[in-house]
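Novice: The following file, data25.cif, comprises mmCIF, C-alpha atoms and all ligand atoms:
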```
data_coords
loop_
_atom_site.label_atom_id
_atom_site.label_comp_id
_atom_site.auth_asym_id
_atom_site.auth_seq_id
_atom_site.Cartn_x
_atom_site.Cartn_y
_atom_site.Cartn_z
CA MET Y 1073 186.70 0.92 78.81
CA LYS Y 1074 186.25 -2.32 80.72
CA ILE Y 1075 187.59 -1.98 84.24
CA LEU Y 1076 188.24 -4.76 86.74
CA ILE Y 1077 188.43 -4.00 90.47
CA SER Y 1078 189.56 -6.41 93.18
CA GLY Y 1079 188.38 -5.28 96.64
CA ILE Y 1080 185.32 -3.57 95.14
CA THR Y 1081 183.30 -4.09 98.35
CA GLY Y 1082 185.69 -1.97 100.45
CA GLN Y 1083 185.72 1.76 101.07
CA ASP Y 1084 187.91 2.56 98.06
CA GLY Y 1085 186.02 0.09 95.87
CA TYR Y 1086 182.86 2.05 96.59
CA HIS Y 1087 184.37 5.45 95.68
CA LEU Y 1088 186.32 4.15 92.69
CA SER Y 1089 183.45 2.23 91.08
CA LYS Y 1090 181.11 5.20 91.49
CA MET Y 1091 183.66 7.55 89.88
CA LEU Y 1092 184.43 5.15 86.99
CA LEU Y 1093 180.74 4.62 86.21
CA ASP Y 1094 180.29 8.41 86.15
CA GLU Y 1095 183.18 8.52 83.65
CA GLY Y 1096 181.20 6.16 81.40
CA HIS Y 1097 183.19 2.94 81.92
CA SER Y 1098 181.88 -0.57 82.39
CA VAL Y 1099 182.89 -1.67 85.87
CA HIS Y 1100 183.48 -5.31 86.89
CA GLY Y 1101 184.27 -6.36 90.45
CA ILE Y 1102 185.71 -9.43 92.13
CA VAL Y 1103 183.73 -10.41 95.23
CA ARG Y 1104 184.27 -13.16 97.77
CA ARG Y 1105 181.33 -15.41 98.38
CA ASN Y 1106 179.95 -14.91 101.88
CA SER Y 1107 177.02 -16.62 103.54
CA GLN Y 1108 175.02 -13.39 103.92
CA LYS Y 1109 175.46 -12.25 100.29
CA THR Y 1110 176.45 -8.77 101.43
CA TYR Y 1111 178.37 -6.30 99.31
CA GLY Y 1112 180.22 -4.51 102.13
CA ALA Y 1113 180.52 -0.73 101.67
CA LEU Y 1114 178.45 -0.97 98.46
CA GLU Y 1115 175.41 -1.87 100.59
CA TYR Y 1116 174.98 1.86 101.33
CA ASP Y 1117 174.04 2.35 97.66
CA ARG Y 1118 171.75 -0.30 96.11
CA GLU Y 1119 171.50 1.73 92.90
CA LEU Y 1120 175.26 1.48 92.45
CA ILE Y 1121 175.21 -2.30 93.05
CA ASN Y 1122 172.72 -2.71 90.21
CA LYS Y 1123 175.08 -0.96 87.75
CA LEU Y 1124 178.10 -3.19 88.47
CA GLU Y 1125 179.04 -6.65 87.17
CA PHE Y 1126 180.23 -9.08 89.87
CA TYR Y 1127 182.32 -12.26 89.68
CA TYR Y 1128 183.01 -14.61 92.57
CA GLY Y 1129 186.71 -14.95 93.19
CA ASP Y 1130 189.43 -14.73 95.79
CA VAL Y 1131 192.88 -13.30 95.17
CA THR Y 1132 194.44 -16.30 96.91
CA ASP Y 1133 192.80 -18.57 94.31
CA LYS Y 1134 194.67 -18.08 91.01
CA SER Y 1135 192.25 -20.25 89.04
CA SER Y 1136 189.35 -17.99 90.01
CA LEU Y 1137 191.35 -14.97 88.80
CA ASP Y 1138 192.27 -16.66 85.50
CA LEU Y 1139 188.62 -17.27 84.76
CA ILE Y 1140 187.69 -13.66 85.57
CA PHE Y 1141 190.51 -12.16 83.47
CA LYS Y 1142 189.60 -14.46 80.57
CA THR Y 1143 185.93 -13.48 80.82
CA VAL Y 1144 186.26 -9.72 81.39
CA LYS Y 1145 189.41 -8.93 79.36
CA PRO Y 1146 189.83 -5.61 81.21
CA ASP Y 1147 191.59 -2.52 79.84
CA MET Y 1148 192.41 -1.34 83.34
CA VAL Y 1149 192.81 -3.29 86.59
CA PHE Y 1150 192.64 -1.75 90.06
CA HIS Y 1151 193.99 -4.20 92.61
CA LEU Y 1152 192.58 -3.05 95.95
CA ALA Y 1153 191.86 -6.38 97.66
CA ALA Y 1154 193.74 -6.81 100.93
CA GLN Y 1155 193.60 -7.77 104.57
CA SER Y 1156 193.81 -4.05 105.29
CA PHE Y 1157 193.44 -3.76 109.08
CA VAL Y 1158 196.90 -3.20 110.57
CA GLN Y 1159 195.92 -4.32 114.11
CA GLU Y 1160 194.55 -7.61 112.76
CA SER Y 1161 197.80 -8.34 110.94
CA TRP Y 1162 199.52 -9.33 114.21
CA SER Y 1163 196.83 -11.90 115.05
CA ASN Y 1164 196.52 -13.14 111.44
CA PRO Y 1165 199.98 -12.70 109.90
CA GLU Y 1166 199.70 -15.71 107.58
CA VAL Y 1167 196.38 -14.60 106.11
CA THR Y 1168 197.82 -11.09 105.77
CA TYR Y 1169 200.85 -12.36 103.84
CA ASP Y 1170 198.78 -14.82 101.75
CA VAL Y 1171 196.21 -12.25 100.69
CA ASN Y 1172 198.44 -9.19 100.39
CA ILE Y 1173 201.60 -10.72 98.89
CA LYS Y 1174 200.56 -13.97 97.19
CA GLY Y 1175 197.23 -12.38 96.23
CA THR Y 1176 199.08 -9.56 94.47
CA LEU Y 1177 201.39 -12.05 92.75
CA ASN Y 1178 198.36 -14.03 91.55
CA MET Y 1179 196.71 -10.89 90.21
CA LEU Y 1180 199.91 -9.90 88.38
CA ASN Y 1181 200.31 -13.36 86.86
CA SER Y 1182 196.73 -13.47 85.55
CA PHE Y 1183 197.13 -9.91 84.27
CA ARG Y 1184 200.38 -10.80 82.48
CA GLU Y 1185 198.90 -13.95 81.01
CA TYR Y 1186 195.57 -12.63 79.73
CA THR Y 1187 195.78 -8.81 79.37
CA PRO Y 1188 199.46 -7.76 79.17
CA GLU Y 1189 198.56 -4.65 77.15
CA ALA Y 1190 196.22 -3.37 79.86
CA ARG Y 1191 197.13 -1.14 82.84
CA PHE Y 1192 197.44 -2.25 86.48
CA TYR Y 1193 197.15 -0.20 89.67
CA ASN Y 1194 198.44 -1.63 92.95
CA ALA Y 1195 197.26 -0.30 96.32
CA CYS Y 1196 200.41 0.31 98.33
CA SER Y 1197 200.37 2.14 101.65
CA SER Y 1198 202.16 4.72 103.82
CA GLU Y 1199 202.51 1.88 106.34
CA VAL Y 1200 205.67 0.94 104.40
CA TYR Y 1201 207.40 3.98 106.00
CA GLY Y 1202 206.64 2.79 109.56
CA LYS Y 1203 209.55 4.01 111.65
CA VAL Y 1204 209.99 7.22 109.69
CA SER Y 1205 213.35 8.87 109.10
CA ASP Y 1206 212.04 12.09 107.47
CA ASP Y 1207 209.63 14.68 108.81
CA ILE Y 1208 207.72 14.37 105.52
CA GLN Y 1209 207.79 11.18 103.45
CA ASN Y 1210 208.10 10.98 99.67
CA GLU Y 1211 208.82 8.18 97.17
CA GLU Y 1212 212.53 8.21 98.11
CA SER Y 1213 212.12 8.08 101.90
CA ARG Y 1214 213.40 5.12 103.90
CA MET Y 1215 210.89 2.28 104.24
CA TRP Y 1216 210.85 0.49 107.60
CA PRO Y 1217 207.48 -1.21 108.11
CA ARG Y 1218 206.35 -1.90 111.66
CA SER Y 1219 203.61 -4.53 111.20
CA PRO Y 1220 202.98 -7.70 109.19
CA TYR Y 1221 200.58 -5.53 107.14
CA GLY Y 1222 203.31 -2.97 106.38
CA ILE Y 1223 205.76 -5.72 105.43
CA SER Y 1224 203.19 -7.32 103.13
CA LYS Y 1225 202.55 -4.01 101.36
CA LEU Y 1226 206.28 -3.44 100.88
CA ALA Y 1227 206.72 -6.93 99.39
CA ALA Y 1228 203.71 -6.46 97.12
CA MET Y 1229 204.96 -3.07 95.94
CA TRP Y 1230 208.38 -4.49 95.02
CA THR Y 1231 206.73 -7.43 93.27
CA CYS Y 1232 204.85 -4.92 91.12
CA ILE Y 1233 208.02 -2.94 90.38
CA ASN Y 1234 209.81 -6.15 89.47
CA TYR Y 1235 207.01 -7.21 87.08
CA ARG Y 1236 207.08 -3.75 85.48
CA GLU Y 1237 210.85 -3.94 84.97
CA SER Y 1238 211.03 -7.62 84.01
CA TYR Y 1239 208.10 -7.89 81.62
CA ASN Y 1240 207.59 -4.31 80.43
CA LEU Y 1241 204.07 -4.11 81.88
CA PHE Y 1242 202.13 -0.94 82.75
CA VAL Y 1243 202.03 -1.43 86.52
CA SER Y 1244 201.86 1.54 88.93
CA ASN Y 1245 201.92 1.70 92.73
CA GLY Y 1246 200.00 4.30 94.68
CA ILE Y 1247 201.66 4.84 98.06
CA LEU Y 1248 198.51 6.17 99.63
CA PHE Y 1249 198.43 7.75 103.06
CA ASN Y 1250 195.35 7.22 105.24
CA HIS Y 1251 192.14 8.18 103.50
CA GLU Y 1252 188.72 8.16 105.05
CA SER Y 1253 185.06 8.77 104.31
CA PRO Y 1254 181.61 7.83 105.60
CA PHE Y 1255 182.19 4.47 103.82
CA ARG Y 1256 185.23 3.60 105.96
CA GLY Y 1257 185.10 0.32 107.90
CA VAL Y 1258 183.94 0.86 111.50
CA GLU Y 1259 187.09 -0.70 113.01
CA PHE Y 1260 189.37 2.07 111.69
CA VAL Y 1261 189.91 4.87 114.17
CA THR Y 1262 188.30 7.77 112.26
CA ARG Y 1263 185.01 5.97 111.61
CA LYS Y 1264 185.05 4.46 115.10
CA ILE Y 1265 185.19 8.03 116.44
CA SER Y 1266 182.64 9.58 114.04
CA LEU Y 1267 180.13 6.79 114.66
CA ALA Y 1268 180.63 6.89 118.45
CA ALA Y 1269 180.24 10.70 118.57
CA ALA Y 1270 176.98 10.47 116.59
CA ARG Y 1271 175.67 7.61 118.76
CA ILE Y 1272 176.58 9.47 121.96
CA LYS Y 1273 174.79 12.58 120.68
CA LEU Y 1274 171.65 10.49 120.11
CA GLY Y 1275 171.90 8.75 123.50
CA LEU Y 1276 172.66 5.34 121.92
CA GLN Y 1277 176.12 4.96 123.51
CA ASP Y 1278 177.78 6.50 126.56
CA GLU Y 1279 181.52 5.90 126.18
CA LEU Y 1280 184.30 5.47 123.63
CA LYS Y 1281 187.48 3.51 124.32
CA LEU Y 1282 190.56 4.13 122.19
CA GLY Y 1283 194.22 3.11 122.07
CA ASN Y 1284 197.12 5.46 121.35
CA MET Y 1285 195.60 8.92 121.06
CA ASP Y 1286 198.99 10.53 120.34
CA ALA Y 1287 199.46 8.66 117.05
CA MET Y 1288 199.61 11.09 114.13
CA ARG Y 1289 198.32 10.46 110.64
CA ASP Y 1290 198.02 12.31 107.34
CA TRP Y 1291 194.28 11.84 106.78
CA GLY Y 1292 192.71 12.69 103.41
CA TYR Y 1293 189.36 12.09 101.74
CA ALA Y 1294 188.92 8.75 99.92
CA GLY Y 1295 187.00 10.37 97.05
CA ASP Y 1296 190.10 12.46 96.24
CA TYR Y 1297 192.43 9.44 96.50
CA VAL Y 1298 190.57 7.21 94.05
CA ARG Y 1299 190.86 10.08 91.54
CA ALA Y 1300 194.65 9.87 91.98
CA MET Y 1301 194.54 6.10 91.27
CA TYR Y 1302 192.69 6.71 88.00
CA MET Y 1303 195.12 9.50 87.04
CA MET Y 1304 198.06 7.10 87.55
CA LEU Y 1305 196.64 4.72 84.95
CA GLN Y 1306 196.01 7.56 82.50
CA ALA Y 1307 199.61 8.80 82.65
CA ASN Y 1308 202.04 8.21 79.77
CA GLU Y 1309 204.32 5.96 81.84
CA PRO Y 1310 203.82 3.60 84.77
CA ASP Y 1311 205.37 4.91 87.99
CA ASP Y 1312 204.99 5.03 91.78
CA PHE Y 1313 203.35 7.99 93.53
CA VAL Y 1314 202.77 9.19 97.07
CA VAL Y 1315 199.23 10.49 97.62
CA ALA Y 1316 198.75 12.56 100.77
CA THR Y 1317 197.57 15.95 102.06
CA GLY Y 1318 200.89 17.05 103.62
CA GLU Y 1319 199.21 17.66 107.00
CA SER Y 1320 199.47 15.46 110.07
CA HIS Y 1321 196.98 15.35 112.96
CA SER Y 1322 196.73 13.22 116.10
CA VAL Y 1323 193.93 10.83 117.01
CA GLN Y 1324 193.25 13.29 119.84
CA ASP Y 1325 192.78 16.11 117.26
CA PHE Y 1326 190.26 13.93 115.41
CA VAL Y 1327 188.34 13.23 118.63
CA GLU Y 1328 188.23 16.92 119.57
CA ALA Y 1329 187.03 17.96 116.10
CA ALA Y 1330 184.36 15.22 115.94
CA PHE Y 1331 182.91 15.76 119.41
CA GLY Y 1332 183.30 19.55 119.09
CA TYR Y 1333 181.22 19.52 115.90
CA LEU Y 1334 178.33 18.04 117.93
CA ASP Y 1335 178.91 20.39 120.91
CA LEU Y 1336 179.97 17.47 123.09
CA ASP Y 1337 182.79 17.59 125.67
CA TYR Y 1338 184.86 14.54 124.66
CA LYS Y 1339 186.46 14.33 128.14
CA GLN Y 1340 183.16 13.08 129.54
CA TYR Y 1341 183.05 10.10 127.17
CA VAL Y 1342 186.49 9.13 125.85
CA SER Y 1343 189.03 6.98 127.71
CA THR Y 1344 191.90 4.71 126.74
CA ASP Y 1345 192.06 0.92 126.86
CA PRO Y 1346 195.37 -0.94 126.48
CA LYS Y 1347 193.67 -3.60 124.35
CA TYR Y 1348 193.76 -1.16 121.40
CA LEU Y 1349 197.52 -0.56 121.67
CA ARG Y 1350 199.71 -2.20 119.00
CA PRO Y 1351 202.83 -4.32 119.58
CA ALA Y 1352 204.78 -1.82 117.43
CA GLU Y 1353 203.24 1.53 116.56
CA VAL Y 1354 203.64 3.83 113.59
CA GLN Y 1355 203.70 7.03 115.60
CA TYR Y 1356 203.83 9.66 112.90
CA LEU Y 1357 203.12 9.97 109.17
CA ARG Y 1358 203.02 13.01 106.86
CA GLY Y 1359 203.20 12.61 103.11
CA ASP Y 1360 204.73 14.72 100.37
CA ALA Y 1361 202.60 14.36 97.22
CA SER Y 1362 204.68 16.82 95.12
CA LYS Y 1363 205.37 14.18 92.44
CA ALA Y 1364 201.65 13.35 92.00
CA LYS Y 1365 200.87 17.07 91.90
CA GLU Y 1366 203.53 17.81 89.27
CA LYS Y 1367 203.23 14.72 87.06
CA LEU Y 1368 199.52 13.93 87.38
CA GLY Y 1369 198.02 17.30 88.27
CA TRP Y 1370 196.41 15.78 91.37
CA LYS Y 1371 195.48 17.73 94.47
CA PRO Y 1372 193.22 17.08 97.48
CA SER Y 1373 189.92 18.95 97.76
CA ILE Y 1374 188.80 18.53 101.39
CA THR Y 1375 190.43 19.88 104.58
CA PHE Y 1376 190.93 17.86 107.77
CA LYS Y 1377 188.07 19.76 109.48
CA GLY Y 1378 185.83 19.25 106.42
CA LEU Y 1379 186.56 15.51 106.45
CA VAL Y 1380 185.77 15.09 110.15
CA GLU Y 1381 182.54 17.03 109.79
CA LEU Y 1382 181.45 15.07 106.70
CA MET Y 1383 181.96 11.78 108.54
CA VAL Y 1384 180.18 12.83 111.74
CA LYS Y 1385 177.31 14.50 109.89
CA THR Y 1386 176.75 11.42 107.69
CA ASP Y 1387 176.78 9.04 110.66
CA LEU Y 1388 174.31 11.27 112.49
CA GLU Y 1389 171.99 11.37 109.46
CA ARG Y 1390 172.18 7.60 108.90
CA LEU Y 1391 171.33 6.93 112.56
CA SER Y 1392 168.48 9.42 112.52
CA ASP Y 1393 166.82 7.98 109.38
P1 LIG Y 1401 188.87 -2.26 102.86
O1 LIG Y 1401 187.69 -1.35 103.04
O2 LIG Y 1401 189.34 -3.05 104.01
O3 LIG Y 1401 188.53 -3.24 101.63
C1 LIG Y 1401 189.31 -4.36 101.37
C2 LIG Y 1401 188.69 -5.12 100.22
O4 LIG Y 1401 189.50 -6.28 99.93
C3 LIG Y 1401 187.28 -5.64 100.49
O5 LIG Y 1401 186.52 -5.52 99.33
C4 LIG Y 1401 187.52 -7.12 100.80
O6 LIG Y 1401 186.41 -7.95 100.53
C5 LIG Y 1401 188.64 -7.42 99.81
N1 LIG Y 1401 189.36 -8.64 100.11
C6 LIG Y 1401 189.98 -8.98 101.26
N2 LIG Y 1401 190.54 -10.20 101.15
C7 LIG Y 1401 190.27 -10.65 99.89
C8 LIG Y 1401 190.56 -11.83 99.18
N3 LIG Y 1401 191.26 -12.84 99.73
N4 LIG Y 1401 190.11 -11.95 97.89
C9 LIG Y 1401 189.38 -10.96 97.33
N5 LIG Y 1401 189.06 -9.80 97.96
C10 LIG Y 1401 189.50 -9.66 99.23
O7 LIG Y 1401 190.11 -1.40 102.31
P2 LIG Y 1401 190.15 0.06 101.65
O8 LIG Y 1401 190.27 1.07 102.74
O9 LIG Y 1401 189.09 0.17 100.63
O10 LIG Y 1401 191.59 0.00 100.96
C11 LIG Y 1401 191.74 -0.49 99.62
C12 LIG Y 1401 193.18 -0.91 99.42
O11 LIG Y 1401 194.05 0.19 99.67
C13 LIG Y 1401 193.68 -2.03 100.34
O12 LIG Y 1401 194.61 -2.79 99.61
C14 LIG Y 1401 194.38 -1.29 101.46
O13 LIG Y 1401 195.35 -2.12 102.06
C15 LIG Y 1401 194.98 -0.14 100.69
N6 LIG Y 1401 195.21 1.10 101.42
C16 LIG Y 1401 194.20 1.69 102.10
C17 LIG Y 1401 194.41 2.92 102.73
C18 LIG Y 1401 193.31 3.65 103.46
O14 LIG Y 1401 193.63 4.56 104.21
N7 LIG Y 1401 192.06 3.29 103.24
C19 LIG Y 1401 195.67 3.54 102.64
C20 LIG Y 1401 196.67 2.90 101.91
C21 LIG Y 1401 196.43 1.69 101.29
P3 LIG Y 1401 185.32 -8.36 101.66
O15 LIG Y 1401 184.26 -7.29 101.61
O16 LIG Y 1401 184.86 -9.69 101.19
O17 LIG Y 1401 186.03 -8.40 102.97
O1 LIG Y 1402 194.74 3.51 113.01
C1 LIG Y 1402 195.49 4.61 116.42
C2 LIG Y 1402 196.26 3.42 115.86
O2 LIG Y 1402 193.44 1.51 112.29
C3 LIG Y 1402 195.23 4.83 112.93
C4 LIG Y 1402 194.57 1.29 106.97
O3 LIG Y 1402 193.68 1.79 106.00
O4 LIG Y 1402 195.82 3.33 106.95
C5 LIG Y 1402 195.11 2.45 107.78
O5 LIG Y 1402 195.94 1.93 108.80
C6 LIG Y 1402 195.97 5.17 114.22
C7 LIG Y 1402 196.96 4.08 114.67
O6 LIG Y 1402 194.59 2.99 110.57
C8 LIG Y 1402 192.56 3.28 118.07
O7 LIG Y 1402 197.14 2.88 116.83
C9 LIG Y 1402 194.13 4.70 118.53
O8 LIG Y 1402 198.13 4.70 115.11
O9 LIG Y 1402 192.59 3.82 111.69
P1 LIG Y 1402 193.73 2.91 111.89
P2 LIG Y 1402 196.11 2.61 110.23
O10 LIG Y 1402 196.64 1.60 111.15
O11 LIG Y 1402 196.87 3.90 110.10
C10 LIG Y 1402 196.95 2.76 106.28
C11 LIG Y 1402 197.58 3.83 105.43
C12 LIG Y 1402 196.61 1.52 105.56
O12 LIG Y 1402 197.20 1.20 104.54
C13 LIG Y 1402 195.71 0.56 106.26
O13 LIG Y 1402 195.13 -0.35 105.34
O14 LIG Y 1402 195.01 5.28 115.27
N1 LIG Y 1402 194.36 4.23 117.27
N2 LIG Y 1402 193.03 4.12 119.03
C14 LIG Y 1402 193.40 3.35 116.95
N3 LIG Y 1402 193.18 2.64 115.83
C15 LIG Y 1402 192.08 1.84 115.80
N4 LIG Y 1402 191.80 1.15 114.66
N5 LIG Y 1402 191.23 1.72 116.87
C16 LIG Y 1402 191.43 2.42 118.04
O15 LIG Y 1402 190.66 2.31 118.99
#
```
Output the file's structure as structure tokens, nothing else.
Specialist:
Amino acid sequence: MKILISGITGQDGYHLSKMLLDEGHSVHGIVRRNSQKTYGALEYDRELINKLEFYYGDVTDKSSLDLIFKTVKPDMVFHLAAQSFVQESWSNPEVTYDVNIKGTLNMLNSFREYTPEARFYNACSSEVYGKVSDDIQNEESRMWPRSPYGISKLAAMWTCINYRESYNLFVSNGILFNHESPFRGVEFVTRKISLAAARIKLGLQDELKLGNMDAMRDWGYAGDYVRAMYMMLQANEPDDFVVATGESHSVQDFVEAAFGYLDLDYKQYVSTDPKYLRPAEVQYLRGDASKAKEKLGWKPSITFKGLVELMVKTDLERLSD
């Protein structure tokens, strides 16, 4: 099959394109032109870059998408492109709405125009739950986003549902809870911690400043979550699915596990800095993936401890090379 991925240079783009190539598909990615000609998370794997087809485009530029859809004629589309950093969404709300809402609308319109028989995955997020009303969140839980990012993901998700219902398209939303890996951007808290712990161990850094260490997240492994995306597009019907581990841990738990793995006493290095606090915080998330387990047969493969150790170990190895 021919597969088109927006956001291919991000963490999930890396894991997804690798998995789809292994499955024997031809993988095509939309990349933004940048002055350094870098391929983001894909830069860790030059061999992978050489197996992918790239097209310059931007999801805010509909004409660039039209050209790509016309050229590739994909059988499956994974729409991952987004301004994905929650903190940044308060300082750049317009870009966040343009890319995440209008960008999704543009992708859907090109999809509908050129490949209406194909299948479309949209990357929604647990940030739509925000101020949670249930101890564990599923597809029916109240959605009360707490950031411009969360609002944009809610609007994009409903745009996808509306296109599915209005035009009979195969469009599915994955409501994915936080998922991490050694390919995670360094501004997100898990990678910020794993990289800092490795650097401190090697004497390259002597402190780590964080924001709200009591925030709790349901952290899974990105490699498992891209498998769920693919399963959604192989199902008989389009639908919306929560993907999560069902466990919630605090930022503090992550710090303790990461530093503990390297036999470091985190108290000597970690402190808080108000500049990393958010105007409105999502304090707690824990997802119920029962529907994905029952209907898709999906389940996660890596524990919280296993994930932390994988990230710290990889950062240590990369720095030691
Ligand atoms: P990421 O690492 O931040 O990657 C985002 C990707 O979007 C990058 O390839 C980026 O390209 C691209 N992009 C940004 N603006 C664009 C634009 N205007 N036109 C075209 N491409 C653009 O994000 P991720 O962690 O892989 O997440 C993938 C998707 O899942 C995102 O939609 C995110 O919001 C969503 N999500 C993520 C999580 C998670 O825990 N990771 C959970 C739920 C939902 P550049 O390299 O050029 O910047
Ligand atoms: O923050 C707290 C912070 O930036 C997690 C994105 O992939 O997942 C991600 O969004 C928590 C928050 O991820 C620092 O306040 C403390 O409570 O790693 P994060 P996020 O905001 O949960 C969702 C599901 C997405 O969809 C998003 O695209 O950690 N925290 N201290 C910190 N966070 C950061 N970044 N940096 C700190 O120093």
Novice: Could you tell me which of Y:Asn1178, Y:Ser1135, Y:Ser1238, Y:Ser1198 comes closest to ligand LIG 1401 (chain Y) if we count only C-alpha atoms and all ligand atoms?
Specialist: Y:Ser1198
Novice: At a cut-off of 9 Å around the point (196.0, 6.7, 125.6) (file coordinates), what residues fall inside when counting all atoms listed in the file? I'd like the answer as a CSV table (one decimal) with C-alpha atoms, in the frame of the given file.
Specialist:
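Result file follows (result_4.csv):
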```csv
chain,number,residue,atom,x,y,z
Y,1282,LEU,CA,190.6,4.1,122.2
Y,1283,GLY,CA,194.2,3.1,122.1
Y,1284,ASN,CA,197.1,5.5,121.4
Y,1285,MET,CA,195.6,8.9,121.1
Y,1286,ASP,CA,199.0,10.5,120.3
Y,1343,SER,CA,189.0,7.0,127.7
Y,1344,THR,CA,191.9,4.7,126.7
Y,1345,ASP,CA,192.1,0.9,126.9
Y,1346,PRO,CA,195.4,-0.9,126.5
Y,1349,LEU,CA,197.5,-0.6,121.7
```
Novice: Can you work out which one of Y:Leu1336, Y:Ile1173, Y:Leu1124, Y:Ile1140 has the shortest atom-to-atom distance to Y:Gly1275, counting all atoms listed in the file?
Specialist: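 Result for the nearest residue to Y:Gly1275: Y:Leu1336.
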Novice: Hey, can you pull every residue with an atom no more than 12 Å from (187.2, -14.0, 80.8), using all atoms listed in the file, and send it as a short mmCIF file (atom, residue, chain, number, x, y, z; two decimals) with C-alpha atoms, keeping the file's coordinate frame?
Specialist:
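And here is the file that came out, out-v6.cif:
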```cif
data_model
loop_
_atom_site.label_atom_id
_atom_site.label_comp_id
_atom_site.auth_asym_id
_atom_site.auth_seq_id
_atom_site.Cartn_x
_atom_site.Cartn_y
_atom_site.Cartn_z
CA LYS Y 1074 186.25 -2.32 80.72
CA LEU Y 1076 188.24 -4.76 86.74
CA HIS Y 1100 183.48 -5.31 86.89
CA TYR Y 1127 182.32 -12.26 89.68
CA SER Y 1135 192.25 -20.25 89.04
CA SER Y 1136 189.35 -17.99 90.01
CA LEU Y 1137 191.35 -14.97 88.80
CA ASP Y 1138 192.27 -16.66 85.50
CA LEU Y 1139 188.62 -17.27 84.76
CA ILE Y 1140 187.69 -13.66 85.57
CA PHE Y 1141 190.51 -12.16 83.47
CA LYS Y 1142 189.60 -14.46 80.57
CA THR Y 1143 185.93 -13.48 80.82
CA VAL Y 1144 186.26 -9.72 81.39
CA LYS Y 1145 189.41 -8.93 79.36
CA PRO Y 1146 189.83 -5.61 81.21
CA SER Y 1182 196.73 -13.47 85.55
CA PHE Y 1183 197.13 -9.91 84.27
CA GLU Y 1185 198.90 -13.95 81.01
CA TYR Y 1186 195.57 -12.63 79.73
CA THR Y 1187 195.78 -8.81 79.37
#
```
Novice: Write out as an MDAnalysis selection string each polymer residue (protein, DNA or RNA) that has an atom no more than 6 Å from ligand LIG 1402 (chain Y), with all atoms listed in the file counted.
Specialist: chainID Y and resid 1156:1158 1197:1199 1249:1250 1259:1262 1282:1285 1287 1323 1348:1349 1354
Novice: Rank nothing, just name the residue among Y:Lys1347, Y:Arg1263, Y:Lys1109, Y:Arg1118 nearest to Y:Tyr1086, using all atoms listed in the file.
Specialist: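 Between Y:Lys1347, Y:Arg1263, Y:Lys1109, Y:Arg1118, the residue approaching Y:Tyr1086 most closely is Y:Arg1118.
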Novice: Any chance you could work out the axis-aligned box around stretch 1361-1378 of chain Y, listed atoms only, 4 Å on each side, giving centre and edge lengths in Å to one decimal, as JSON?
Specialist:
```
{"center_x": 195.6, "center_y": 16.6, "center_z": 98.3, "size_x": 27.5, "size_y": 14.5, "size_z": 30.4}
```
Novice: Copy stretch 1243-1272 of chain Y out of the block into a file, keeping C-alpha atoms, as a CSV table (one decimal), in the first residue's frame.
Specialist:
```
chain,number,residue,atom,x,y,z
Y,1243,VAL,CA,-11.8,8.7,9.2
Y,1244,SER,CA,-10.7,7.6,12.7
Y,1245,ASN,CA,-9.4,9.5,15.7
Y,1246,GLY,CA,-6.9,8.1,18.1
Y,1247,ILE,CA,-7.2,9.7,21.5
Y,1248,LEU,CA,-3.7,8.9,22.5
Y,1249,PHE,CA,-2.4,9.5,26.0
Y,1250,ASN,CA,1.2,10.6,26.5
Y,1251,HIS,CA,3.7,8.3,24.7
Y,1252,GLU,CA,7.4,8.5,24.8
Y,1253,SER,CA,10.6,7.0,23.5
Y,1254,PRO,CA,14.3,7.9,22.9
Y,1255,PHE,CA,13.0,9.8,19.8
Y,1256,ARG,CA,10.9,12.2,21.9
Y,1257,GLY,CA,11.6,15.9,21.5
Y,1258,VAL,CA,13.9,17.2,24.2
Y,1259,GLU,CA,11.4,19.9,25.4
Y,1260,PHE,CA,8.9,17.3,26.7
Y,1261,VAL,CA,9.4,16.4,30.3
Y,1262,THR,CA,10.3,12.7,30.0
Y,1263,ARG,CA,13.1,13.2,27.5
Y,1264,LYS,CA,14.2,16.4,29.4
Y,1265,ILE,CA,14.7,14.2,32.4
Y,1266,SER,CA,16.3,11.2,30.7
Y,1267,LEU,CA,18.8,13.4,28.8
Y,1268,ALA,CA,19.6,15.4,32.0
Y,1269,ALA,CA,20.1,12.3,34.1
Y,1270,ALA,CA,22.5,10.8,31.5
Y,1271,ARG,CA,24.4,14.1,31.1
Y,1272,ILE,CA,24.7,14.5,34.9
```
